[in-house]
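Reviewing the structure listed below.
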Amino acid sequence: GGSAGGRGALYNQFLDLLGQQGNFSLAKAAASRGTRAKVGAGGSKPGKAGQIMKKRSGGKHKNFVEAQRHFYRQCVQQNRLELALEYVETLNEGKAFEERGMGYQGLLACCVRLNALDAAVRVHSEQVELTGGSNAFAYSMLISLAGKIAARSNPGGGGGGARQKGRGEDVNPTYIHTYLGRGLCDDEEGALPGDPLARYVSHFFEMSVREGCCNVVVCNAVLDAYGRNSHCEEVFKLHQRMRGELGIAENAETFNSLMQTATRAGWYSLVFELRREMESMGIEPSERTVSIMFAAAAKAQQHARGRKGEALGDG
């Protein structure tokens with residue numbers, strides 16, 4: 001437990017110990033349940049210049065959250081996820097569901113930003129065990145990350161070349177599978193052949209549907225992931241499923257993903273059909289919509305010139 005001021009002082013130590021010294025043993029002791037820091041980094045007392053807990057309207061603590069993010073980032077980058085998970089368990093027992101749930105959410109977001117899919121799946125597993133379920137935000141992040149990494153690791157996908165490993169990134173499908181357990185099967189509904197990382201996209205999506213937390217954000221993440229990995233037919237199947245079984249209304253990002261996929265597949269006329277459909281539904285285009293249309297028009301012209309050249313050559 002501990003008061004807000006006590007937790008603020010702990011984070012002050014986290015910043016010093018993790019960001020400067022990397023002393024995880026001391027940080028672990030500081031994070032232990034019931035511990036209160038009486039002296040901040042450098043010997044200053046909490047509440048002075050070194051204090052990171054500053055109140056703002058609504059009782060939120062901006063600097064407190066920033067320090068938490070820094071702590072999570074250090075743990076993930078230095079392969080000390082267990083310490084971050086242990087910290088989450090020390091959050092206020094009286095508000096376990098709220099505070100620990102948000103702690104897992106913040107740690108998950110950090111893993112996603114660092115492209116650490118193994119760690120993200122582990123954190124999500126812990127979150128589900130605590131709360132009995134997940135949410136759209138978590139699933140959309142997992143889906144987006146799995147799709148991006150699958151595209152980079154699969155030359156035949158949307159990655160466009162050899163995989164570039166990001167900072168903090170650690171992907172071991174066998175390790176991930178141990179946390180997903182028997183839930184990930186090749187014959188699962190919607191499962192995709194090929195790269196197991198791509199199958200995680202459909203797995204997480206079907207989990208969100210079963211748990212009743214699937215929404216347009218989750219669907220858009222899946223559309224983008226499928227498109228990146230050249231599963232073009234799956235993109236449009238999901239779009240029809242959104243309109244039918246799922247009853248989820250599209251937004252501009254939905255159409256952007258559809259148009260981007262059509263462009264990648266060389267279905268240039270479909271891009272402009274989708275734009276007209278978007279307009280008829282009263283959905284305002286975004287800057288990305290315009291960019292996709294310009295790219296499609298340019299590629300269509302290039303394709304037409306190529307075909308014309310081939311025809312002249314044959315003649």
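Residue numbering restarts at 1 for every chain of the structure tokens, chains are lettered A, B, ... in their displayed order, and ligands are numbered from 1 as they appear.
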Write out as a ChimeraX atom specification the residues lying within 12 Å of A:Glu287, counting only C-alpha atoms and excluding same-chain residues fewer than 5 positions away. /A:252-253,256,292-294
May I have the residues from that selection written out with C-alpha atoms, as a tab-separated table (two decimals), in the first residue's frame?
```tsv
chain	number	residue	atom	x	y	z
A	252	ALA	CA	-12.37	6.66	-41.66
A	253	GLU	CA	-9.56	4.36	-40.48
A	256	ASN	CA	-8.17	3.71	-45.03
A	292	ILE	CA	-3.65	6.64	-50.20
A	293	MET	CA	-5.72	7.91	-53.12
A	294	PHE	CA	-2.75	9.81	-54.60
```
Using only C-alpha atoms, determine which residues lie at most 8 Å from A:Ala136, disregarding the query and same-chain residues fewer than 4 positions distant; provide the list as number ranges by chain. A: 140, 208, 213-215, 217-218
Shell of 9 Å around A:Val76, only C-alpha atoms, local chain residues under 5 positions omitted, as a list in words: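 Near neighbours after the sequence-gap exclusion: Phe71, Leu81, Ala84, Leu107, Cys110, Cys111, Leu114, Ala116, Ala119 and Gly168 of chain A.
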Within 12 Å of A:Gly147, counting only C-alpha atoms, which residues show up once you throw out same-chain ones fewer than 4 positions away? Write them as an MDAnalysis selection string, please. chainID A and resid 112 115 117 140:143 151:154 157:159 195:205 220:231
Please save N, CA, C and O atoms of the selected residues as a short mmCIF file (atom, residue, chain, number, x, y, z; two decimals), in the first residue's frame.
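Produced file part37.cif, reproduced below:
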```cif
data_model
loop_
_atom_site.label_atom_id
_atom_site.label_comp_id
_atom_site.auth_asym_id
_atom_site.auth_seq_id
_atom_site.Cartn_x
_atom_site.Cartn_y
_atom_site.Cartn_z
N VAL A 112 4.54 -2.80 -25.98
CA VAL A 112 4.16 -2.60 -27.38
C VAL A 112 5.03 -1.53 -28.02
O VAL A 112 5.50 -1.68 -29.15
N ASN A 115 8.25 -2.90 -29.02
CA ASN A 115 8.16 -4.06 -29.92
C ASN A 115 8.50 -5.37 -29.22
O ASN A 115 9.01 -6.30 -29.86
N LEU A 117 7.07 -8.33 -28.10
CA LEU A 117 5.83 -9.10 -28.17
C LEU A 117 5.77 -10.18 -27.09
O LEU A 117 4.71 -10.40 -26.50
N SER A 140 -6.28 -4.46 -29.21
CA SER A 140 -5.86 -3.70 -30.39
C SER A 140 -4.35 -3.51 -30.39
O SER A 140 -3.71 -3.57 -31.45
N MET A 141 -3.75 -3.29 -29.21
CA MET A 141 -2.30 -3.14 -29.14
C MET A 141 -1.59 -4.43 -29.49
O MET A 141 -0.60 -4.44 -30.24
N LEU A 142 -2.05 -5.56 -28.94
CA LEU A 142 -1.43 -6.85 -29.23
C LEU A 142 -1.53 -7.19 -30.71
O LEU A 142 -0.58 -7.68 -31.32
N ILE A 143 -2.69 -6.94 -31.29
CA ILE A 143 -2.92 -7.25 -32.70
C ILE A 143 -2.02 -6.40 -33.59
O ILE A 143 -1.39 -6.91 -34.53
N ALA A 151 4.96 -8.84 -40.37
CA ALA A 151 5.28 -8.26 -41.68
C ALA A 151 6.78 -8.08 -41.84
O ALA A 151 7.34 -8.32 -42.91
N ARG A 152 7.46 -7.66 -40.77
CA ARG A 152 8.91 -7.47 -40.86
C ARG A 152 9.66 -8.80 -40.95
O ARG A 152 10.75 -8.87 -41.53
N SER A 153 9.10 -9.84 -40.35
CA SER A 153 9.80 -11.13 -40.33
C SER A 153 9.45 -12.00 -41.52
O SER A 153 10.04 -13.06 -41.71
N ASN A 154 8.50 -11.56 -42.34
CA ASN A 154 8.06 -12.34 -43.48
C ASN A 154 8.28 -11.56 -44.76
O ASN A 154 7.52 -10.64 -45.06
N GLY A 157 5.36 -10.73 -46.85
CA GLY A 157 4.30 -9.89 -46.32
C GLY A 157 4.50 -8.45 -46.71
O GLY A 157 5.10 -8.14 -47.72
N GLY A 158 4.03 -7.55 -45.85
CA GLY A 158 4.12 -6.13 -46.17
C GLY A 158 5.38 -5.48 -45.66
O GLY A 158 5.50 -4.26 -45.71
N GLY A 159 6.32 -6.29 -45.10
CA GLY A 159 7.50 -5.70 -44.48
C GLY A 159 8.51 -5.16 -45.47
O GLY A 159 9.27 -4.27 -45.14
N ASP A 195 3.11 -18.00 -41.27
CA ASP A 195 3.84 -17.46 -40.13
C ASP A 195 2.97 -17.50 -38.87
O ASP A 195 1.88 -16.95 -38.84
N PRO A 196 3.46 -18.18 -37.80
CA PRO A 196 2.66 -18.23 -36.57
C PRO A 196 2.38 -16.87 -35.99
O PRO A 196 1.34 -16.66 -35.34
N LEU A 197 3.27 -15.89 -36.23
CA LEU A 197 3.01 -14.55 -35.73
C LEU A 197 1.74 -13.98 -36.35
O LEU A 197 0.98 -13.27 -35.69
N ALA A 198 1.50 -14.26 -37.63
CA ALA A 198 0.28 -13.79 -38.27
C ALA A 198 -0.95 -14.45 -37.67
O ALA A 198 -2.02 -13.84 -37.57
N ARG A 199 -0.80 -15.72 -37.23
CA ARG A 199 -1.94 -16.40 -36.62
C ARG A 199 -2.31 -15.80 -35.28
O ARG A 199 -3.46 -15.89 -34.86
N TYR A 200 -1.33 -15.19 -34.59
CA TYR A 200 -1.66 -14.55 -33.33
C TYR A 200 -2.66 -13.42 -33.54
O TYR A 200 -3.46 -13.13 -32.66
N VAL A 201 -2.60 -12.77 -34.70
CA VAL A 201 -3.54 -11.68 -34.99
C VAL A 201 -4.97 -12.20 -34.94
O VAL A 201 -5.84 -11.64 -34.26
N SER A 202 -5.24 -13.29 -35.67
CA SER A 202 -6.60 -13.84 -35.69
C SER A 202 -6.97 -14.42 -34.34
O SER A 202 -8.13 -14.35 -33.92
N HIS A 203 -5.97 -14.97 -33.63
CA HIS A 203 -6.25 -15.53 -32.29
C HIS A 203 -6.72 -14.43 -31.34
O HIS A 203 -7.75 -14.57 -30.67
N PHE A 204 -5.97 -13.33 -31.27
CA PHE A 204 -6.34 -12.24 -30.37
C PHE A 204 -7.69 -11.64 -30.78
O PHE A 204 -8.49 -11.26 -29.93
N PHE A 205 -7.92 -11.56 -32.08
CA PHE A 205 -9.19 -11.01 -32.55
C PHE A 205 -10.36 -11.88 -32.11
O PHE A 205 -11.36 -11.37 -31.59
N ASN A 220 -10.13 -2.42 -36.81
CA ASN A 220 -9.19 -1.67 -37.64
C ASN A 220 -7.76 -2.18 -37.47
O ASN A 220 -6.98 -2.23 -38.43
N ALA A 221 -7.41 -2.57 -36.25
CA ALA A 221 -6.07 -3.13 -36.01
C ALA A 221 -5.89 -4.43 -36.78
O ALA A 221 -4.82 -4.69 -37.35
N VAL A 222 -6.93 -5.25 -36.82
CA VAL A 222 -6.87 -6.52 -37.56
C VAL A 222 -6.78 -6.26 -39.06
O VAL A 222 -5.99 -6.89 -39.77
N LEU A 223 -7.59 -5.33 -39.56
CA LEU A 223 -7.55 -4.99 -40.98
C LEU A 223 -6.14 -4.55 -41.39
O LEU A 223 -5.62 -4.96 -42.43
N ASP A 224 -5.54 -3.70 -40.58
CA ASP A 224 -4.19 -3.22 -40.88
C ASP A 224 -3.18 -4.36 -40.83
O ASP A 224 -2.31 -4.46 -41.70
N ALA A 225 -3.29 -5.23 -39.82
CA ALA A 225 -2.36 -6.34 -39.68
C ALA A 225 -2.47 -7.31 -40.85
O ALA A 225 -1.47 -7.77 -41.40
N TYR A 226 -3.71 -7.65 -41.24
CA TYR A 226 -3.90 -8.53 -42.38
C TYR A 226 -3.34 -7.90 -43.65
O TYR A 226 -2.69 -8.56 -44.46
N GLY A 227 -3.61 -6.62 -43.84
CA GLY A 227 -3.13 -5.93 -45.03
C GLY A 227 -1.62 -5.92 -45.10
O GLY A 227 -1.03 -6.13 -46.17
N ARG A 228 -0.96 -5.63 -43.97
CA ARG A 228 0.51 -5.61 -43.94
C ARG A 228 1.11 -6.95 -44.34
O ARG A 228 2.22 -7.02 -44.85
N ASN A 229 0.38 -8.03 -44.05
CA ASN A 229 0.90 -9.37 -44.30
C ASN A 229 0.31 -10.01 -45.55
O ASN A 229 0.35 -11.22 -45.72
N SER A 230 -0.26 -9.17 -46.43
CA SER A 230 -0.75 -9.61 -47.74
C SER A 230 -1.90 -10.60 -47.66
O SER A 230 -2.11 -11.39 -48.58
N HIS A 231 -2.67 -10.58 -46.57
CA HIS A 231 -3.87 -11.41 -46.47
C HIS A 231 -5.06 -10.56 -46.95
O HIS A 231 -5.97 -10.23 -46.17
#
```
Point-to-point distance from atom CA of A:Arg73 to atom CA of A:Thr131, Å rounded to tenths: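 Spanning atom CA of A:Arg73 to atom CA of A:Thr131 is a straight-line distance of 23.3 Å.
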Taking the DSSP secondary structure from the backbone, can you list the residues of stretch 211-263 of chain A that are helix (DSSP H, G or I), as a VMD selection string? chain A and resid 216 to 228 232 to 246 252 to 263
10 Å contact set for stretch 266-274 of chain A, only C-alpha atoms, chain neighbours under 4 positions out, as a list in words: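 Near stretch 266-274 of chain A, the qualifying residues are Phe255, Asn256, Leu258, Met259, Gln260, Thr261, Ala262, Met278, Glu279, Ser280, Thr289, Ile292, Met293, Ala295, Ala296, Ala297, Ala298, Lys299, Ala300, Gln301 and His303 of chain A.
One distance worth recording is that between atom CA of A:Asn251 and atom CA of A:Ile283, which is 6.6 Å.
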